[in-house]
Amino acid sequence: MGPGARATNSALRDGGLFSIGGAVPIDSVGAAVASARSELARLARGAPEREVTEARRTLVQSISLALETLSGLVAQWSGAALFGLPSDELSRLPERIDSVSTSRVTAAAATWLKTDRLAIVAVGPAARL
């Protein structure tokens with residue numbers, strides 16, 4: 001999609017919300033949506049080991065950022081309590097992330113990232129989108 005692309009995941013009790021977004025010129029919206037769909041399909045066919053390794057490293061490194069403030073720490077504790085996770089969940093998280101295999105990422109992408117079931121939201125002048 002480009003350098004301004006971002007993806008987020010919000011975990012909920014019985015599911016979650018995965019979103020991809022970015023700011024693109026109006027005349028590029030169609031290409032950006034096609035690019036995002038193509039990327040999701042590529043992951044579902046087989047996530048590259050190099051990308052999974054980099055993603056694991058990034059996630060593990062980001063844990064300390066989520067815990068560096070008192071409010072961040074309380075949010076993580078509250079989330080763990082809400083989902084009924086054990087009290088040592090935060091300390092085990094890096095190890096759990098590192099244990100995720102490329103085949104599990106591919107299987108999850110194939111199961112959950114269905115390109116034919118996307119809800120697409122584009123903001124801008126309707127006549128130009």
# chains A, B, ... in the order shown; residues from 1 in each chain; ligands from 1
call {"tool": "select_by_dssp", "arguments": {"residues": "chain A", "states": "alpha helix (DSSP H)", "output": "PyMOL selection string"}}
result
chain A and resi 29-45+49-66+70-82+89-98+102-112
call {"tool": "select_by_dssp", "arguments": {"residues": "region 10-63 of chain A", "states": "strand (DSSP E)", "output": "list in words"}}
result
Ser10, Ala11, Leu12, Gly15, Gly16, Leu17, Phe18, Ser19, Ile20 and Gly21 of chain A
call {"tool": "write_last_selection", "arguments": {"atoms": "C-alpha atoms", "output": "mmCIF file, in the first residue's frame"}}
result
data_model
loop_
_atom_site.group_PDB
_atom_site.id
_atom_site.type_symbol
_atom_site.label_atom_id
_atom_site.label_comp_id
_atom_site.auth_asym_id
_atom_site.auth_seq_id
_atom_site.Cartn_x
_atom_site.Cartn_y
_atom_site.Cartn_z
ATOM 1 C CA SER A 10 -8.052 -5.021 18.604
ATOM 2 C CA ALA A 11 -8.603 -8.196 20.587
ATOM 3 C CA LEU A 12 -12.050 -8.642 22.055
ATOM 4 C CA GLY A 15 -13.134 -12.132 18.432
ATOM 5 C CA GLY A 16 -11.503 -8.951 17.366
ATOM 6 C CA LEU A 17 -11.176 -6.247 14.797
ATOM 7 C CA PHE A 18 -8.341 -6.186 12.274
ATOM 8 C CA SER A 19 -7.995 -3.060 10.184
ATOM 9 C CA ILE A 20 -5.709 -1.760 7.482
ATOM 10 C CA GLY A 21 -5.567 1.932 6.735
#
call {"tool": "atom_distance", "arguments": {"atom1": "CA of Leu43 (chain A)", "atom2": "CA of Thr106 (chain A)"}}
result
6.1 Å
call {"tool": "closest_residue", "arguments": {"among": "A:Asp98, A:Glu39, A:Asp116, A:Asp27", "to": "Ala55 (chain A)", "atoms": "only C-alpha atoms"}}
result
A:Asp98
call {"tool": "closest_residue", "arguments": {"among": "A:Ser64, A:Leu85, A:Ala107, A:Ser28", "to": "Ala122 (chain A)", "atoms": "only C-alpha atoms"}}
result
A:Ser28
call {"tool": "residues_around", "arguments": {"residues": "Trp112 (chain A)", "least_positions_apart": "3", "cutoff": "10 Å", "atoms": "only C-alpha atoms", "output": "ChimeraX atom specification"}}
result
/A:18,40,44,107-109,115,117
call {"tool": "write_last_selection", "arguments": {"atoms": "all heavy atoms", "output": "compact mmCIF listing (two decimals), in the first residue's frame"}}
result
# COMPACT_ATOMS: atom_id res chain seq x y z
N PHE A 18 -9.60 -6.40 12.99
CA PHE A 18 -8.34 -6.19 12.27
C PHE A 18 -8.61 -5.12 11.24
O PHE A 18 -9.61 -5.19 10.51
CB PHE A 18 -7.89 -7.48 11.60
CG PHE A 18 -6.68 -7.31 10.74
CD1 PHE A 18 -5.42 -7.15 11.30
CD2 PHE A 18 -6.80 -7.30 9.36
CE1 PHE A 18 -4.31 -7.00 10.49
CE2 PHE A 18 -5.69 -7.14 8.55
CZ PHE A 18 -4.43 -6.99 9.13
N LEU A 40 -3.14 -9.48 1.69
CA LEU A 40 -3.83 -10.43 2.57
C LEU A 40 -3.87 -11.81 1.92
O LEU A 40 -3.64 -12.83 2.59
CB LEU A 40 -5.24 -9.94 2.88
CG LEU A 40 -5.33 -8.66 3.71
CD1 LEU A 40 -6.78 -8.23 3.86
CD2 LEU A 40 -4.66 -8.83 5.06
N ALA A 44 -2.16 -15.43 3.20
CA ALA A 44 -2.96 -16.65 3.35
C ALA A 44 -2.38 -17.81 2.53
O ALA A 44 -2.58 -18.97 2.88
CB ALA A 44 -4.40 -16.39 2.94
N ALA A 107 -1.78 -20.24 8.53
CA ALA A 107 -3.08 -20.84 8.82
C ALA A 107 -4.06 -19.79 9.35
O ALA A 107 -5.24 -19.78 8.96
CB ALA A 107 -2.93 -21.98 9.82
N ALA A 108 -3.59 -18.92 10.23
CA ALA A 108 -4.46 -17.87 10.77
C ALA A 108 -4.89 -16.91 9.66
O ALA A 108 -6.06 -16.52 9.59
CB ALA A 108 -3.74 -17.11 11.88
N ALA A 109 -3.96 -16.54 8.80
CA ALA A 109 -4.30 -15.63 7.69
C ALA A 109 -5.33 -16.28 6.77
O ALA A 109 -6.29 -15.64 6.35
CB ALA A 109 -3.05 -15.25 6.91
N THR A 115 -10.45 -12.20 1.87
CA THR A 115 -10.55 -11.00 1.03
C THR A 115 -11.94 -10.80 0.44
O THR A 115 -12.29 -9.68 0.07
CB THR A 115 -9.51 -11.04 -0.11
OG1 THR A 115 -9.72 -12.20 -0.90
CG2 THR A 115 -8.09 -11.04 0.44
N ARG A 117 -14.62 -11.08 2.18
CA ARG A 117 -15.51 -10.68 3.28
C ARG A 117 -15.07 -9.37 3.91
O ARG A 117 -15.45 -9.07 5.03
CB ARG A 117 -15.54 -11.78 4.33
CG ARG A 117 -16.09 -13.09 3.76
CD ARG A 117 -16.45 -14.07 4.81
NE ARG A 117 -17.50 -13.50 5.64
CZ ARG A 117 -17.69 -13.82 6.91
NH1 ARG A 117 -16.90 -14.68 7.49
NH2 ARG A 117 -18.66 -13.28 7.60
call {"tool": "atom_distance", "arguments": {"atom1": "CA of Ser101 (chain A)", "atom2": "CA of Ala32 (chain A)"}}
result
28.7 Å
call {"tool": "closest_residue", "arguments": {"among": "A:Leu113, A:Leu59, A:Val29, A:Ser71", "to": "Pro125 (chain A)", "atoms": "only C-alpha atoms"}}
result
A:Val29
call {"tool": "atom_distance", "arguments": {"atom1": "CA of Ile26 (chain A)", "atom2": "CA of Arg6 (chain A)"}}
result
17.7 Å
call {"tool": "residues_around", "arguments": {"residues": "Glu49 (chain A)", "least_positions_apart": "4", "cutoff": "10 Å", "atoms": "only C-alpha atoms", "output": "PyMOL selection string"}}
result
chain A and resi 53-55+101-103+105
call {"tool": "closest_residue", "arguments": {"among": "A:Leu118, A:Ala34, A:Leu93, A:Val123", "to": "Arg56 (chain A)", "atoms": "only C-alpha atoms"}}
result
A:Leu93
call {"tool": "decode", "arguments": {"residues": "region 88-128 of chain A", "atoms": "C-alpha atoms", "output": "CSV table (one decimal), in the first residue's frame"}}
result
chain,number,residue,atom,x,y,z
A,88,ASP,CA,2.1,-14.2,34.8
A,89,GLU,CA,0.7,-13.7,31.3
A,90,LEU,CA,2.7,-10.5,30.7
A,91,SER,CA,6.0,-12.1,31.7
A,92,ARG,CA,5.3,-15.0,29.4
A,93,LEU,CA,4.2,-13.0,26.4
A,94,PRO,CA,7.6,-12.6,24.7
A,95,GLU,CA,8.1,-16.3,24.8
A,96,ARG,CA,4.7,-17.0,23.5
A,97,ILE,CA,5.2,-14.5,20.6
A,98,ASP,CA,8.5,-16.1,19.8
A,99,SER,CA,6.9,-19.5,19.6
A,100,VAL,CA,4.5,-18.6,16.8
A,101,SER,CA,5.5,-20.4,13.7
A,102,THR,CA,5.3,-19.3,10.1
A,103,SER,CA,2.8,-22.1,9.4
A,104,ARG,CA,0.6,-20.9,12.3
A,105,VAL,CA,0.7,-17.4,10.8
A,106,THR,CA,-0.3,-18.7,7.4
A,107,ALA,CA,-3.1,-20.8,8.8
A,108,ALA,CA,-4.5,-17.9,10.8
A,109,ALA,CA,-4.3,-15.6,7.7
A,110,ALA,CA,-6.1,-18.3,5.6
A,111,THR,CA,-8.8,-18.7,8.3
A,112,TRP,CA,-9.4,-15.1,9.3
A,113,LEU,CA,-8.2,-12.7,6.5
A,114,LYS,CA,-10.9,-13.5,3.9
A,115,THR,CA,-10.5,-11.0,1.0
A,116,ASP,CA,-14.1,-11.7,-0.1
A,117,ARG,CA,-15.5,-10.7,3.3
A,118,LEU,CA,-13.8,-7.3,3.8
A,119,ALA,CA,-15.7,-4.2,4.9
A,120,ILE,CA,-14.1,-1.4,2.9
A,121,VAL,CA,-14.5,2.2,4.1
A,122,ALA,CA,-13.2,5.0,1.9
A,123,VAL,CA,-13.5,8.6,2.9
A,124,GLY,CA,-13.5,11.4,0.3
A,125,PRO,CA,-15.8,12.9,-2.4
A,126,ALA,CA,-18.0,9.9,-3.5
A,127,ALA,CA,-18.0,10.9,-7.2
A,128,ARG,CA,-14.1,10.7,-7.2
